[in-house]
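Visitor: What follows is run18.cif; its format and atoms are mmCIF, C-alpha atoms.
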```
data_protein
#
loop_
_atom_site.label_atom_id
_atom_site.label_comp_id
_atom_site.auth_asym_id
_atom_site.auth_seq_id
_atom_site.Cartn_x
_atom_site.Cartn_y
_atom_site.Cartn_z
CA MET A 22 -23.46 7.33 -13.10
CA LYS A 23 -21.98 10.31 -14.88
CA GLY A 24 -20.10 10.25 -18.15
CA LEU A 25 -20.19 8.64 -21.56
CA ARG A 26 -19.24 5.13 -22.65
CA PRO A 27 -16.81 3.18 -20.42
CA VAL A 28 -13.14 3.43 -21.27
CA ASN A 29 -12.41 -0.16 -22.25
CA ARG A 30 -8.63 -0.09 -22.02
CA ARG A 31 -6.52 -2.60 -20.15
CA THR A 32 -3.88 -1.33 -17.78
CA LEU A 33 -0.41 -1.81 -19.22
CA ARG A 34 2.25 -3.23 -16.93
CA THR A 35 5.94 -4.04 -16.95
CA ARG A 36 7.38 -6.36 -14.37
CA PRO A 37 10.91 -7.41 -13.35
CA ARG A 38 11.82 -10.93 -14.50
CA LEU A 39 12.86 -11.87 -10.97
CA ALA A 40 9.30 -11.65 -9.70
CA ALA A 41 8.09 -14.34 -12.09
CA THR A 42 10.29 -17.00 -10.53
CA ALA A 43 10.21 -15.76 -6.95
CA LEU A 44 6.42 -15.50 -6.77
CA ALA A 45 6.00 -19.24 -6.63
CA LEU A 46 7.56 -19.14 -3.16
CA LEU A 47 5.46 -16.26 -1.80
CA PRO A 48 3.88 -17.08 1.59
CA VAL A 49 0.20 -16.51 2.25
CA LEU A 50 0.99 -12.90 3.07
CA ALA A 51 4.52 -11.78 2.40
CA LEU A 52 4.57 -9.06 4.85
CA THR A 53 6.85 -6.05 4.95
CA ALA A 54 4.92 -2.80 5.27
CA CYS A 55 4.67 -1.08 1.94
CA GLY A 56 7.72 -2.95 0.76
CA SER A 57 8.94 -4.31 -2.53
CA GLY A 58 6.72 -6.47 -4.65
CA GLU A 59 9.54 -8.93 -5.22
CA PRO A 60 9.59 -11.65 -2.57
CA SER A 61 12.86 -13.08 -1.44
CA GLY A 62 12.13 -16.70 -2.19
CA THR A 63 13.07 -17.76 1.33
CA GLY A 64 10.69 -19.84 3.37
CA ALA A 65 8.15 -21.44 1.02
CA GLY A 66 4.54 -21.35 2.12
CA PRO A 67 0.99 -21.58 0.80
CA GLN A 68 0.17 -19.73 -2.40
CA VAL A 69 -1.57 -16.37 -2.24
CA SER A 70 -5.26 -17.01 -2.88
CA ALA A 71 -7.24 -15.87 -5.88
CA ALA A 72 -8.63 -12.34 -5.94
CA PRO A 73 -12.36 -11.81 -5.31
CA SER A 74 -14.30 -12.28 -8.54
CA ASP A 75 -16.54 -9.21 -8.41
CA ASP A 76 -15.41 -6.23 -10.49
CA PRO A 77 -16.82 -2.86 -9.36
CA VAL A 78 -14.40 -1.10 -11.73
CA ALA A 79 -15.99 -2.59 -14.86
CA ALA A 80 -18.91 -0.17 -14.93
CA VAL A 81 -16.89 3.01 -14.36
CA HIS A 82 -17.23 5.62 -17.14
CA LYS A 83 -15.13 8.52 -18.25
CA VAL A 84 -16.39 11.80 -16.77
CA GLU A 85 -15.60 14.60 -19.17
CA ALA A 86 -15.71 17.38 -16.57
CA VAL A 87 -13.12 15.55 -14.47
CA ALA A 88 -10.95 14.54 -17.41
CA ALA A 89 -10.84 18.19 -18.46
CA LEU A 90 -8.79 18.92 -15.33
CA LEU A 91 -5.86 16.96 -16.75
CA PRO A 92 -3.05 18.85 -18.46
CA ALA A 93 -3.52 19.08 -22.22
CA ALA A 94 -0.42 16.95 -22.85
CA VAL A 95 -1.83 14.10 -20.78
CA ARG A 96 -5.21 14.30 -22.50
CA ALA A 97 -3.43 14.16 -25.84
CA SER A 98 -1.24 11.17 -24.96
CA GLY A 99 -3.97 9.33 -23.06
CA THR A 100 -1.42 7.67 -20.78
CA LEU A 101 0.12 8.04 -17.33
CA ARG A 102 3.27 6.31 -16.07
CA VAL A 103 2.70 4.69 -12.69
CA GLY A 104 5.40 3.45 -10.33
CA SER A 105 3.63 0.65 -8.48
CA SER A 106 4.81 -1.20 -5.37
CA ILE A 107 3.19 -4.65 -5.43
CA GLY A 108 3.33 -6.13 -1.97
CA PHE A 109 0.58 -8.10 -0.25
CA PRO A 110 -3.21 -8.36 0.13
CA PRO A 111 -5.43 -6.50 0.40
CA GLY A 112 -3.48 -3.53 -1.01
CA ALA A 113 -1.67 -4.87 -4.09
CA TYR A 114 -0.35 -8.35 -4.80
CA TYR A 115 -0.01 -11.07 -7.44
CA PRO A 116 -2.69 -13.76 -6.95
CA ASP A 117 -2.40 -17.37 -8.06
CA GLY A 118 1.00 -17.44 -9.68
CA SER A 119 3.29 -15.26 -11.69
CA ASP A 120 1.15 -14.97 -14.83
CA GLU A 121 -1.78 -13.28 -13.11
CA PRO A 122 -2.08 -9.48 -13.30
CA PRO A 123 -1.79 -7.62 -9.98
CA ALA A 124 -4.91 -7.35 -7.85
CA GLY A 125 -5.96 -5.53 -4.71
CA GLN A 126 -7.57 -2.42 -3.33
CA ASP A 127 -4.86 -0.05 -4.61
CA ILE A 128 -5.01 -1.61 -8.08
CA ASP A 129 -8.79 -1.25 -8.29
CA VAL A 130 -8.82 2.34 -7.02
CA ALA A 131 -6.09 3.37 -9.47
CA ASP A 132 -7.81 1.63 -12.39
CA ALA A 133 -11.15 3.24 -11.50
CA VAL A 134 -9.55 6.69 -11.32
CA ALA A 135 -7.95 6.09 -14.73
CA LYS A 136 -11.33 5.20 -16.24
CA VAL A 137 -12.92 8.38 -14.83
CA LEU A 138 -10.05 10.35 -16.36
CA GLY A 139 -10.16 8.45 -19.64
CA VAL A 140 -6.48 7.52 -19.55
CA GLU A 141 -4.46 4.32 -19.69
CA LEU A 142 -2.05 3.44 -16.90
CA GLN A 143 1.39 2.25 -17.86
CA ARG A 144 2.15 0.45 -14.62
CA GLN A 145 5.75 -0.45 -13.80
CA ASP A 146 6.59 -2.53 -10.74
CA ALA A 147 9.10 -0.87 -8.45
CA SER A 148 10.39 -1.36 -4.92
CA PHE A 149 8.63 0.85 -2.42
CA GLU A 150 11.64 2.89 -1.36
CA THR A 151 12.55 3.87 -4.95
CA ILE A 152 9.21 5.31 -6.07
CA LEU A 153 9.09 8.67 -4.29
CA PRO A 154 12.59 9.73 -5.43
CA ALA A 155 11.73 8.63 -8.97
CA LEU A 156 8.72 10.97 -9.01
CA GLY A 157 11.05 13.93 -8.58
CA SER A 158 13.23 12.78 -11.45
CA GLY A 159 10.24 12.46 -13.77
CA LYS A 160 10.45 8.68 -14.20
CA TYR A 161 6.83 8.26 -13.08
CA ASP A 162 3.82 10.57 -13.19
CA VAL A 163 2.24 9.01 -10.11
CA GLY A 164 3.23 6.49 -7.45
CA THR A 165 1.12 3.88 -5.66
CA GLY A 166 2.02 1.55 -2.82
CA ASN A 167 0.10 2.45 0.33
CA PHE A 168 2.08 5.66 0.79
CA GLY A 169 1.19 7.25 4.12
CA VAL A 170 0.96 11.03 4.25
CA THR A 171 3.57 12.37 6.68
CA GLY A 172 4.93 15.81 7.37
CA GLU A 173 8.37 14.76 6.21
CA ARG A 174 7.12 13.40 2.89
CA LEU A 175 5.00 16.49 2.27
CA LYS A 176 8.21 18.52 2.01
CA THR A 177 9.06 16.85 -1.30
CA VAL A 178 5.93 15.00 -2.49
CA ASP A 179 2.28 15.90 -3.16
CA PHE A 180 -0.50 13.49 -2.16
CA VAL A 181 -4.10 12.89 -3.16
CA THR A 182 -5.75 10.77 -0.47
CA TYR A 183 -7.96 7.74 -1.12
CA ILE A 184 -8.00 5.75 2.14
CA ASN A 185 -7.13 5.98 5.82
CA ASP A 186 -4.88 3.12 6.92
CA GLY A 187 -1.82 3.38 9.15
CA GLN A 188 0.49 1.51 11.49
CA GLY A 189 -0.06 -1.68 13.42
CA PHE A 190 1.77 -4.67 14.88
CA ALA A 191 1.55 -8.46 14.62
CA VAL A 192 3.25 -11.37 16.33
CA ALA A 193 3.44 -15.09 15.73
CA LYS A 194 0.31 -16.83 16.94
CA GLY A 195 0.66 -17.87 20.57
CA ASN A 196 3.20 -15.15 21.42
CA LYS A 197 1.93 -13.50 24.62
CA ALA A 198 4.85 -11.09 25.16
CA LEU A 199 2.97 -8.00 23.99
CA GLY A 200 -0.54 -8.73 25.15
CA LYS A 201 -3.40 -7.77 22.85
CA ARG A 202 -2.39 -4.29 21.69
CA VAL A 203 0.65 -2.04 21.33
CA THR A 204 -0.19 1.50 22.42
CA ASP A 205 3.32 2.73 23.26
CA LEU A 206 6.68 1.87 21.73
CA LEU A 207 8.05 1.33 25.23
CA GLN A 208 6.21 -2.00 25.09
CA LEU A 209 8.74 -3.05 22.44
CA CYS A 210 11.84 -2.50 24.60
CA GLY A 211 14.18 -5.47 24.39
CA LEU A 212 12.40 -6.96 21.36
CA THR A 213 13.43 -7.27 17.71
CA ILE A 214 11.07 -5.62 15.24
CA GLY A 215 10.86 -6.36 11.53
CA THR A 216 9.64 -3.70 9.12
CA GLY A 217 10.02 -2.38 5.58
CA ALA A 218 12.75 -0.25 4.08
CA GLY A 219 11.82 3.36 3.44
CA THR A 220 8.46 3.11 5.24
CA THR A 221 6.75 5.28 7.83
CA PHE A 222 7.23 2.35 10.20
CA GLU A 223 11.01 2.48 9.87
CA ALA A 224 10.92 6.26 10.38
CA THR A 225 8.71 6.01 13.48
CA LEU A 226 10.92 3.39 15.08
CA ALA A 227 14.08 5.36 14.32
CA ALA A 228 12.62 8.61 15.68
CA GLN A 229 11.82 7.01 19.06
CA LYS A 230 14.79 4.65 19.33
CA ASP A 231 16.18 6.39 22.43
CA ARG A 232 13.03 6.13 24.55
CA CYS A 233 13.82 2.70 25.97
CA ALA A 234 17.28 3.77 27.17
CA GLU A 235 15.82 6.94 28.66
CA ALA A 236 13.38 4.76 30.59
CA GLY A 237 16.25 2.57 31.83
CA ARG A 238 15.26 -0.37 29.66
CA LYS A 239 16.99 -2.37 26.94
CA PRO A 240 16.50 -0.72 23.52
CA TYR A 241 14.53 -2.48 20.82
CA ASP A 242 16.35 -3.69 17.73
CA VAL A 243 15.00 -3.00 14.24
CA LYS A 244 15.53 -5.31 11.28
CA VAL A 245 14.70 -3.68 7.95
CA TYR A 246 13.68 -5.80 4.97
CA ALA A 247 13.44 -4.72 1.35
CA GLU A 248 11.56 -7.86 0.35
CA ASN A 249 8.15 -8.89 1.63
CA ALA A 250 8.58 -12.63 2.07
CA ALA A 251 11.71 -12.22 4.16
CA THR A 252 9.85 -10.42 6.96
CA LEU A 253 7.22 -13.08 7.49
CA THR A 254 9.84 -15.81 7.23
CA ALA A 255 11.91 -14.06 9.90
CA LEU A 256 8.89 -13.95 12.21
CA GLN A 257 8.07 -17.61 11.62
CA GLN A 258 11.68 -18.61 12.29
CA GLY A 259 11.91 -16.52 15.47
CA ARG A 260 14.55 -14.12 14.17
CA ILE A 261 12.22 -11.20 14.92
CA ASP A 262 9.60 -10.90 17.65
CA VAL A 263 7.09 -8.59 16.03
CA ILE A 264 6.21 -7.06 12.66
CA MET A 265 5.26 -3.40 12.22
CA SER A 266 3.23 -2.91 9.06
CA THR A 267 -0.08 -1.64 7.69
CA ILE A 268 -3.26 -1.99 9.73
CA ASN A 269 -5.24 -3.44 6.84
CA GLY A 270 -2.45 -5.76 5.71
CA LEU A 271 -1.86 -7.19 9.18
CA ARG A 272 -5.56 -7.57 9.86
CA HIS A 273 -6.05 -9.38 6.54
CA GLN A 274 -3.11 -11.67 7.22
CA ALA A 275 -4.28 -12.65 10.69
CA ALA A 276 -7.64 -13.71 9.21
CA GLN A 277 -5.92 -16.32 7.01
CA PRO A 278 -5.84 -19.74 8.71
CA ALA A 279 -2.36 -20.56 7.41
CA SER A 280 -0.77 -17.26 8.44
CA ARG A 281 -0.01 -18.21 12.06
CA THR A 282 0.01 -14.54 13.12
CA THR A 283 -2.01 -12.42 15.54
CA PHE A 284 -2.90 -8.77 14.86
CA LEU A 285 -2.20 -6.52 17.85
CA GLY A 286 -4.46 -3.64 16.86
CA GLU A 287 -4.07 -0.14 15.51
CA PHE A 288 -1.14 1.96 16.66
CA HIS A 289 -1.30 5.14 14.56
CA ARG A 290 -3.68 6.06 11.72
CA LEU A 291 -2.40 7.75 8.55
CA ASP A 292 -4.04 9.04 5.41
CA VAL A 293 -2.82 7.13 2.35
CA GLY A 294 -2.65 8.63 -1.11
CA PHE A 295 -1.45 8.69 -4.66
CA ALA A 296 1.99 10.30 -4.71
CA PHE A 297 3.19 12.97 -7.16
CA LYS A 298 6.23 15.17 -7.57
CA LYS A 299 5.91 18.47 -5.75
CA GLY A 300 3.79 20.92 -7.73
CA SER A 301 2.37 18.27 -10.07
CA PRO A 302 -0.48 19.51 -12.28
CA LEU A 303 -2.20 16.11 -11.88
CA THR A 304 -3.38 16.43 -8.29
CA LYS A 305 -6.65 18.30 -8.89
CA ALA A 306 -7.73 15.82 -11.55
CA PHE A 307 -6.94 12.83 -9.33
CA GLN A 308 -8.73 14.40 -6.37
CA ALA A 309 -11.82 15.06 -8.48
CA ALA A 310 -11.72 11.49 -9.83
CA VAL A 311 -11.52 9.95 -6.36
CA ASN A 312 -14.38 12.16 -5.17
CA GLU A 313 -16.42 11.13 -8.22
CA LEU A 314 -15.93 7.48 -7.25
CA ILE A 315 -16.92 8.25 -3.65
CA GLU A 316 -20.07 10.05 -4.79
CA ASN A 317 -21.22 7.39 -7.25
CA GLY A 318 -20.63 4.50 -4.83
CA THR A 319 -17.85 2.73 -6.73
CA TYR A 320 -15.27 3.61 -4.10
CA LEU A 321 -17.14 1.91 -1.25
CA ARG A 322 -17.85 -1.14 -3.43
CA ILE A 323 -14.12 -1.49 -4.07
CA LEU A 324 -13.28 -1.27 -0.37
CA LYS A 325 -16.01 -3.74 0.57
CA LYS A 326 -14.64 -6.15 -2.04
CA TRP A 327 -11.28 -6.11 -0.23
CA GLY A 328 -12.63 -5.90 3.32
CA THR A 329 -11.18 -2.45 3.97
CA ASP A 330 -14.37 -0.35 4.14
CA ALA A 331 -13.62 0.52 7.80
CA SER A 332 -10.80 2.65 6.36
CA ALA A 333 -13.02 4.60 3.94
CA ILE A 334 -12.68 8.38 3.69
CA GLY A 335 -15.55 10.80 3.12
CA THR A 336 -13.70 13.04 0.69
CA SER A 337 -10.32 13.06 -1.02
CA ARG A 338 -7.87 15.79 -0.01
CA ILE A 339 -4.65 17.18 -1.44
CA ASN A 340 -1.77 17.28 1.05
CA PRO A 341 -3.69 17.00 4.35
CA PRO A 342 -1.61 17.44 7.50
CA GLU A 343 -0.29 14.28 9.12
CA HIS A 344 -2.49 12.78 11.82
CA THR A 345 -1.07 13.36 15.28
#
```
What is this structure when it is put down as structure tokens?
Guide:
Amino acid sequence: MKGLRPVNRRTLRTRPRLAATALALLPVLALTACGSGEPSGTGAGPQVSAAPSDDPVAAVHKVEAVAALLPAAVRASGTLRVGSSIGFPPGAYYPDGSDEPPAGQDIDVADAVAKVLGVELQRQDASFETILPALGSGKYDVGTGNFGVTGERLKTVDFVTYINDGQGFAVAKGNKALGKRVTDLLQLCGLTIGTGAGTTFEATLAAQKDRCAEAGRKPYDVKVYAENAATLTALQQGRIDVIMSTINGLRHQAAQPASRTTFLGEFHRLDVGFAFKKGSPLTKAFQAAVNELIENGTYLRILKKWGTDASAIGTSRINPPEHT
């Protein structure tokens, strides 16, 4: 592995006080796609399980040639401000109670990148829909939260990719209304769909909302949730028929015995990346750091830890076009 001694710094984090009390009520997977890390506290369920014990990030070293790509001011300060959306496994979540630090694939990848760059992350929890606008205002240097790369977002945000995830659907276990897979949104006509505020899922549903009427069928209804627990609770209580969320999140949830959901397969793949304000001088350094982790094997070890290696990418890219 390239580099000198490991950077032995702990990631700093600030967290809203609300999350500490609400977390105790988080269901096994509080599920709104890329939504807020603060659950609603409605509908108590089993606790989120402990994170896997292996730590592929521990052995990551600073790589001087990659760190040199950072702006001089960042190298001098040694810190980066991160707006972080903490939602649900396997992306980013709080395991085993409110006092545990966040865990998940996105957390490990970000921490590994920081070690390659030799910087400390000052992570601040934020709701998903607030992070991208806050990048433009300079509140954060980088945003994380399973942000899919879309043509619309590329108009105002720069991305450095680190995984390929995307859009999928899930229903309550035993619900046969949609069969085994959703391949066309016309299959949703007449149903009520729950999804996350400010997500690609909300945008996709809104963009195609007229298709059912054009086909002479009853339109689908969309319920948007800003809090993760509320979406799963709504599904369990029958207030929505289906959830639209991340492929990896829904697949992980369906594998949990207590979840009582069924994953309906992939609908649309999207590259996922670190988000930056347009024209950020950080993108080349982050791209090089992700590619360093891919080359030295740490990246795949992280994804295997979280069961998401089927979504691995071969190389990180800056602002790739949206998948069509």
Visitor: Please indicate the distance in Å from CA of Glu287 (chain A) to CA of Lys201 (chain A), rounded to one decimal place.
Guide: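 Result for CA of Glu287 (chain A) versus CA of Lys201 (chain A): 10.6 Å, one decimal.
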Visitor: Nearest to Phe284 (chain A) among A:Leu303, A:Ala80, A:Ala191, A:Val134, with distances taken over all atoms listed in the file: which residue is it?
Guide: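 The answer is A:Ala191, which sits nearest to Phe284 (chain A).
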Visitor: Compare A:Val263, A:Val181, A:Thr252, A:Asp76 by their minimum atom-to-atom distance to Leu212 (chain A), counting all atoms listed in the file, and give me the closest one.
Guide: A:Val263
Visitor: What are the closest atom pairs, with distances in Å to one decimal, for all residues of region 142-166 of chain A lying within 7 Å of region 101-110 of chain A? Consider all atoms listed in the file, order rows by chain and residue number, and present the result as a tab-separated table.
Guide:
```
residue	atom	partner	partner_atom	distance
A:Leu142	CA	A:Leu101	CA	5.1
A:Gln143	CA	A:Arg102	CA	4.8
A:Arg144	CA	A:Val103	CA	4.7
A:Gln145	CA	A:Gly104	CA	5.2
A:Asp146	CA	A:Ser105	CA	4.9
A:Ala147	CA	A:Ser106	CA	5.3
A:Ser148	CA	A:Ser106	CA	5.6
A:Phe149	CA	A:Ser106	CA	5.2
A:Ile152	CA	A:Gly104	CA	6.0
A:Tyr161	CA	A:Arg102	CA	5.0
A:Asp162	CA	A:Arg102	CA	5.2
A:Val163	CA	A:Val103	CA	5.1
A:Gly164	CA	A:Gly104	CA	4.7
A:Thr165	CA	A:Ser105	CA	5.0
A:Gly166	CA	A:Ser106	CA	4.7
```
Visitor: If you measure from CA of Glu248 (chain A) to CA of Asp186 (chain A), what distance in Å do you get, rounded to one decimal?
Guide: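 The value is 20.8 Å.
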Visitor: Compare A:Gly335, A:Pro116, A:Gly169, A:Gly187 by their minimum atom-to-atom distance to Gly219 (chain A), counting only C-alpha atoms, and give me the closest one.
Guide: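 Among A:Gly335, A:Pro116, A:Gly169, A:Gly187, it is A:Gly169 that comes nearest to Gly219 (chain A).
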Visitor: Between A:Ile268, A:Ala224, A:Cys210, A:Val87, which residue has the minimum interatomic distance to Thr329 (chain A), considering only C-alpha atoms?
Guide: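 Going through A:Ile268, A:Ala224, A:Cys210, A:Val87 one by one, the smallest distance to Thr329 (chain A) is for A:Ile268.
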Visitor: Have a look at A:Asn167, A:Thr225, A:Ser301, A:Asn317 and name the one nearest to Thr267 (chain A); count all atoms listed in the file.
Guide: A:Asn167
Visitor: Could you tell me which residues the PyMOL selection byres ((chain A and resi 84) around 6) grabs in this file, written as a ChimeraX atom specification?
Guide: /A:24,83,85-87,137
Visitor: Would you mind reading off the distance between CA of Gly294 (chain A) and CA of Leu314 (chain A), one decimal, in Å?
Guide: 14.7 Å
Visitor: With 10 Å as the threshold, what does the neighbourhood of (-1.6, -8.4, 9.2) contain in terms of residues, counting only C-alpha atoms? Coordinates are those of the file; answer as a PyMOL selection string.
Guide: chain A and resi 50-54+109-111+189-192+264-277+280+282-286
Visitor: Evaluated on this file, the PyMOL selection byres ((chain A and resi 289) around 6) picks out some residues - which ones are they, written as a ChimeraX atom specification?
Guide: /A:187-188,288,290
Visitor: If the PyMOL selection byres ((chain A and resi 182) around 7) is run on the structure shown, which residues does it catch, given as JSON, numbers by chain?
Guide: {"A": [180, 181, 183, 184, 292, 293, 294, 295, 337, 338, 339]}
Visitor: The centre and edge lengths of an axis-aligned box containing all atoms of region 158-177 of chain A present in the file, extended by 3 Å on each side, are to be given in Å to one decimal, as AutoDock Vina command-line options.
Guide:
```
--center_x 6.7 --center_y 10.0 --center_z -3.4 --size_x 19.1 --size_y 23.0 --size_z 27.6
```
Visitor: Could you check the closest approach to Trp327 (chain A) for each of A:Asp117, A:Glu173, A:Asp127, A:Asp205 and tell me which residue wins, using only C-alpha atoms?
Guide: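 Result for the nearest residue to Trp327 (chain A): A:Asp127.
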